[in-house]
Amino acid sequence: MAAMALSIGLAVAQEQNPSLPRTPTAFETRNTGGTAEPEVSIKKEESKAKTITYTAVTESREWKDTSGKVIRAHLLAFEAVDGDEALLVRDGNIRLLVDGAKQFSLLPLEKLCAEDRTYIGNLVASRKPQAGSQKAPE
């Protein structure tokens, strides 16, 4: 009885939708693009690990902004561009890696307290080559 009901149901479904096959194995294979070769291809590319390197210029220390807020962080150098020396201040900003953070933060130099601005100024001055310390060409 159940088999008869199933076959009647299948016949009704085929009348409503003639594209349904009579049996599960009666499917036709056809190409969607009109050619014998499939048009879709999947390209698998190997992902490469990205290494992020920071150059910490200072040990972790407390930095204070003009409002008195204190954070503990490392001062990071900016990446060197075109063989130049890495900078500590770029476009009026410094880079700090706050302890426990995964990414650095940019902080405008003007937002630091006067003492910390002086500290960074001394670091910048100490990194510049001295005119008298250069060797004479041989």
# chains A, B, ... in the order shown; residues from 1 in each chain; ligands from 1

call {"tool": "residues_around", "arguments": {"residues": "stretch 103-105 of chain A", "least_positions_apart": "6", "cutoff": "10 Å", "atoms": "only C-alpha atoms", "output": "PyMOL selection string"}}
result
chain A and resi 52+54+73-76+93-97

call {"tool": "select_by_dssp", "arguments": {"residues": "stretch 93-131 of chain A", "states": "strand (DSSP E)", "output": "PyMOL selection string"}}
result
chain A and resi 93-98+105-108

call {"tool": "closest_residue", "arguments": {"among": "A:Val70, A:Ala77, A:Val98, A:Ala56", "to": "A:Cys113", "atoms": "only C-alpha atoms"}}
result
A:Val70

call {"tool": "atom_distance", "arguments": {"atom1": "atom CA of A:Pro108", "atom2": "atom CA of A:Thr51"}}
result
26.4 Å

call {"tool": "residues_around", "arguments": {"residues": "A:Lys111", "least_positions_apart": "5", "cutoff": "10 Å", "atoms": "only C-alpha atoms", "output": "number ranges by chain"}}
result
A: 64-67, 93, 116-117

call {"tool": "closest_residue", "arguments": {"among": "A:Ala80, A:Leu88, A:Ala49, A:Ile42", "to": "A:Ile120", "atoms": "only C-alpha atoms"}}
result
A:Leu88

call {"tool": "decode", "arguments": {"residues": "stretch 72-103 of chain A", "atoms": "N, CA and C atoms", "output": "PDB file, in the first residue's frame"}}
result
ATOM      1  N   ARG A  72      51.524  52.128  30.314  1.00  0.00           N
ATOM      2  CA  ARG A  72      52.812  51.445  30.318  1.00  0.00           C
ATOM      3  C   ARG A  72      52.993  50.812  28.940  1.00  0.00           C
ATOM      4  N   ALA A  73      54.086  51.187  28.243  1.00  0.00           N
ATOM      5  CA  ALA A  73      54.277  50.736  26.871  1.00  0.00           C
ATOM      6  C   ALA A  73      55.739  50.839  26.455  1.00  0.00           C
ATOM      7  N   HIS A  74      56.045  50.185  25.329  1.00  0.00           N
ATOM      8  CA  HIS A  74      57.344  50.291  24.668  1.00  0.00           C
ATOM      9  C   HIS A  74      57.228  51.334  23.568  1.00  0.00           C
ATOM     10  N   LEU A  75      58.274  52.121  23.371  1.00  0.00           N
ATOM     11  CA  LEU A  75      58.339  53.019  22.219  1.00  0.00           C
ATOM     12  C   LEU A  75      58.874  52.215  21.050  1.00  0.00           C
ATOM     13  N   LEU A  76      58.149  52.242  19.924  1.00  0.00           N
ATOM     14  CA  LEU A  76      58.552  51.496  18.726  1.00  0.00           C
ATOM     15  C   LEU A  76      59.047  52.448  17.657  1.00  0.00           C
ATOM     16  N   ALA A  77      60.042  51.994  16.917  1.00  0.00           N
ATOM     17  CA  ALA A  77      60.516  52.768  15.770  1.00  0.00           C
ATOM     18  C   ALA A  77      59.600  52.480  14.586  1.00  0.00           C
ATOM     19  N   PHE A  78      59.450  53.468  13.715  1.00  0.00           N
ATOM     20  CA  PHE A  78      58.724  53.262  12.462  1.00  0.00           C
ATOM     21  C   PHE A  78      59.640  52.481  11.521  1.00  0.00           C
ATOM     22  N   GLU A  79      59.053  51.776  10.559  1.00  0.00           N
ATOM     23  CA  GLU A  79      59.848  51.024   9.601  1.00  0.00           C
ATOM     24  C   GLU A  79      60.685  51.987   8.773  1.00  0.00           C
ATOM     25  N   ALA A  80      61.879  51.545   8.435  1.00  0.00           N
ATOM     26  CA  ALA A  80      62.746  52.347   7.585  1.00  0.00           C
ATOM     27  C   ALA A  80      62.183  52.358   6.173  1.00  0.00           C
ATOM     28  N   VAL A  81      62.232  53.502   5.518  1.00  0.00           N
ATOM     29  CA  VAL A  81      61.718  53.652   4.161  1.00  0.00           C
ATOM     30  C   VAL A  81      62.882  53.905   3.218  1.00  0.00           C
ATOM     31  N   ASP A  82      62.972  53.118   2.145  1.00  0.00           N
ATOM     32  CA  ASP A  82      63.993  53.293   1.101  1.00  0.00           C
ATOM     33  C   ASP A  82      65.409  53.384   1.663  1.00  0.00           C
ATOM     34  N   GLY A  83      65.748  52.514   2.602  1.00  0.00           N
ATOM     35  CA  GLY A  83      67.100  52.467   3.135  1.00  0.00           C
ATOM     36  C   GLY A  83      67.411  53.535   4.167  1.00  0.00           C
ATOM     37  N   ASP A  84      66.455  54.420   4.453  1.00  0.00           N
ATOM     38  CA  ASP A  84      66.692  55.418   5.484  1.00  0.00           C
ATOM     39  C   ASP A  84      66.703  54.753   6.856  1.00  0.00           C
ATOM     40  N   GLU A  85      67.173  55.494   7.838  1.00  0.00           N
ATOM     41  CA  GLU A  85      67.161  54.998   9.211  1.00  0.00           C
ATOM     42  C   GLU A  85      65.730  55.043   9.740  1.00  0.00           C
ATOM     43  N   ALA A  86      65.390  54.071  10.568  1.00  0.00           N
ATOM     44  CA  ALA A  86      64.056  54.035  11.167  1.00  0.00           C
ATOM     45  C   ALA A  86      63.853  55.270  12.030  1.00  0.00           C
ATOM     46  N   LEU A  87      62.670  55.852  11.925  1.00  0.00           N
ATOM     47  CA  LEU A  87      62.363  57.078  12.658  1.00  0.00           C
ATOM     48  C   LEU A  87      61.622  56.779  13.946  1.00  0.00           C
ATOM     49  N   LEU A  88      61.770  57.653  14.925  1.00  0.00           N
ATOM     50  CA  LEU A  88      61.007  57.544  16.165  1.00  0.00           C
ATOM     51  C   LEU A  88      59.736  58.374  16.093  1.00  0.00           C
ATOM     52  N   VAL A  89      59.792  59.486  15.340  1.00  0.00           N
ATOM     53  CA  VAL A  89      58.637  60.365  15.174  1.00  0.00           C
ATOM     54  C   VAL A  89      58.383  60.504  13.679  1.00  0.00           C
ATOM     55  N   ARG A  90      57.137  60.245  13.278  1.00  0.00           N
ATOM     56  CA  ARG A  90      56.770  60.409  11.866  1.00  0.00           C
ATOM     57  C   ARG A  90      55.443  61.143  11.801  1.00  0.00           C
ATOM     58  N   ASP A  91      55.417  62.225  11.053  1.00  0.00           N
ATOM     59  CA  ASP A  91      54.211  63.045  10.894  1.00  0.00           C
ATOM     60  C   ASP A  91      53.641  63.483  12.243  1.00  0.00           C
ATOM     61  N   GLY A  92      54.534  63.762  13.202  1.00  0.00           N
ATOM     62  CA  GLY A  92      54.096  64.240  14.513  1.00  0.00           C
ATOM     63  C   GLY A  92      53.544  63.155  15.428  1.00  0.00           C
ATOM     64  N   ASN A  93      53.696  61.871  15.045  1.00  0.00           N
ATOM     65  CA  ASN A  93      53.184  60.759  15.848  1.00  0.00           C
ATOM     66  C   ASN A  93      54.308  59.848  16.302  1.00  0.00           C
ATOM     67  N   ILE A  94      54.071  59.171  17.425  1.00  0.00           N
ATOM     68  CA  ILE A  94      54.958  58.109  17.877  1.00  0.00           C
ATOM     69  C   ILE A  94      54.160  56.813  17.899  1.00  0.00           C
ATOM     70  N   ARG A  95      54.864  55.685  17.916  1.00  0.00           N
ATOM     71  CA  ARG A  95      54.201  54.381  18.001  1.00  0.00           C
ATOM     72  C   ARG A  95      54.511  53.774  19.358  1.00  0.00           C
ATOM     73  N   LEU A  96      53.459  53.385  20.054  1.00  0.00           N
ATOM     74  CA  LEU A  96      53.618  52.737  21.350  1.00  0.00           C
ATOM     75  C   LEU A  96      52.972  51.361  21.299  1.00  0.00           C
ATOM     76  N   LEU A  97      53.659  50.372  21.861  1.00  0.00           N
ATOM     77  CA  LEU A  97      53.097  49.037  22.023  1.00  0.00           C
ATOM     78  C   LEU A  97      52.761  48.890  23.501  1.00  0.00           C
ATOM     79  N   VAL A  98      51.484  49.056  23.806  1.00  0.00           N
ATOM     80  CA  VAL A  98      51.015  48.995  25.187  1.00  0.00           C
ATOM     81  C   VAL A  98      51.204  47.570  25.687  1.00  0.00           C
ATOM     82  N   ASP A  99      51.666  47.428  26.924  1.00  0.00           N
ATOM     83  CA  ASP A  99      51.886  46.104  27.510  1.00  0.00           C
ATOM     84  C   ASP A  99      50.615  45.271  27.428  1.00  0.00           C
ATOM     85  N   GLY A 100      50.746  44.065  26.878  1.00  0.00           N
ATOM     86  CA  GLY A 100      49.614  43.157  26.747  1.00  0.00           C
ATOM     87  C   GLY A 100      48.838  43.315  25.449  1.00  0.00           C
ATOM     88  N   ALA A 101      49.129  44.338  24.671  1.00  0.00           N
ATOM     89  CA  ALA A 101      48.412  44.552  23.405  1.00  0.00           C
ATOM     90  C   ALA A 101      49.106  43.784  22.281  1.00  0.00           C
ATOM     91  N   LYS A 102      48.350  43.473  21.239  1.00  0.00           N
ATOM     92  CA  LYS A 102      48.912  42.760  20.098  1.00  0.00           C
ATOM     93  C   LYS A 102      49.304  43.709  18.975  1.00  0.00           C
ATOM     94  N   GLN A 103      48.752  44.912  18.983  1.00  0.00           N
ATOM     95  CA  GLN A 103      49.056  45.877  17.934  1.00  0.00           C
ATOM     96  C   GLN A 103      49.490  47.189  18.567  1.00  0.00           C
TER      97      GLN A 103
END
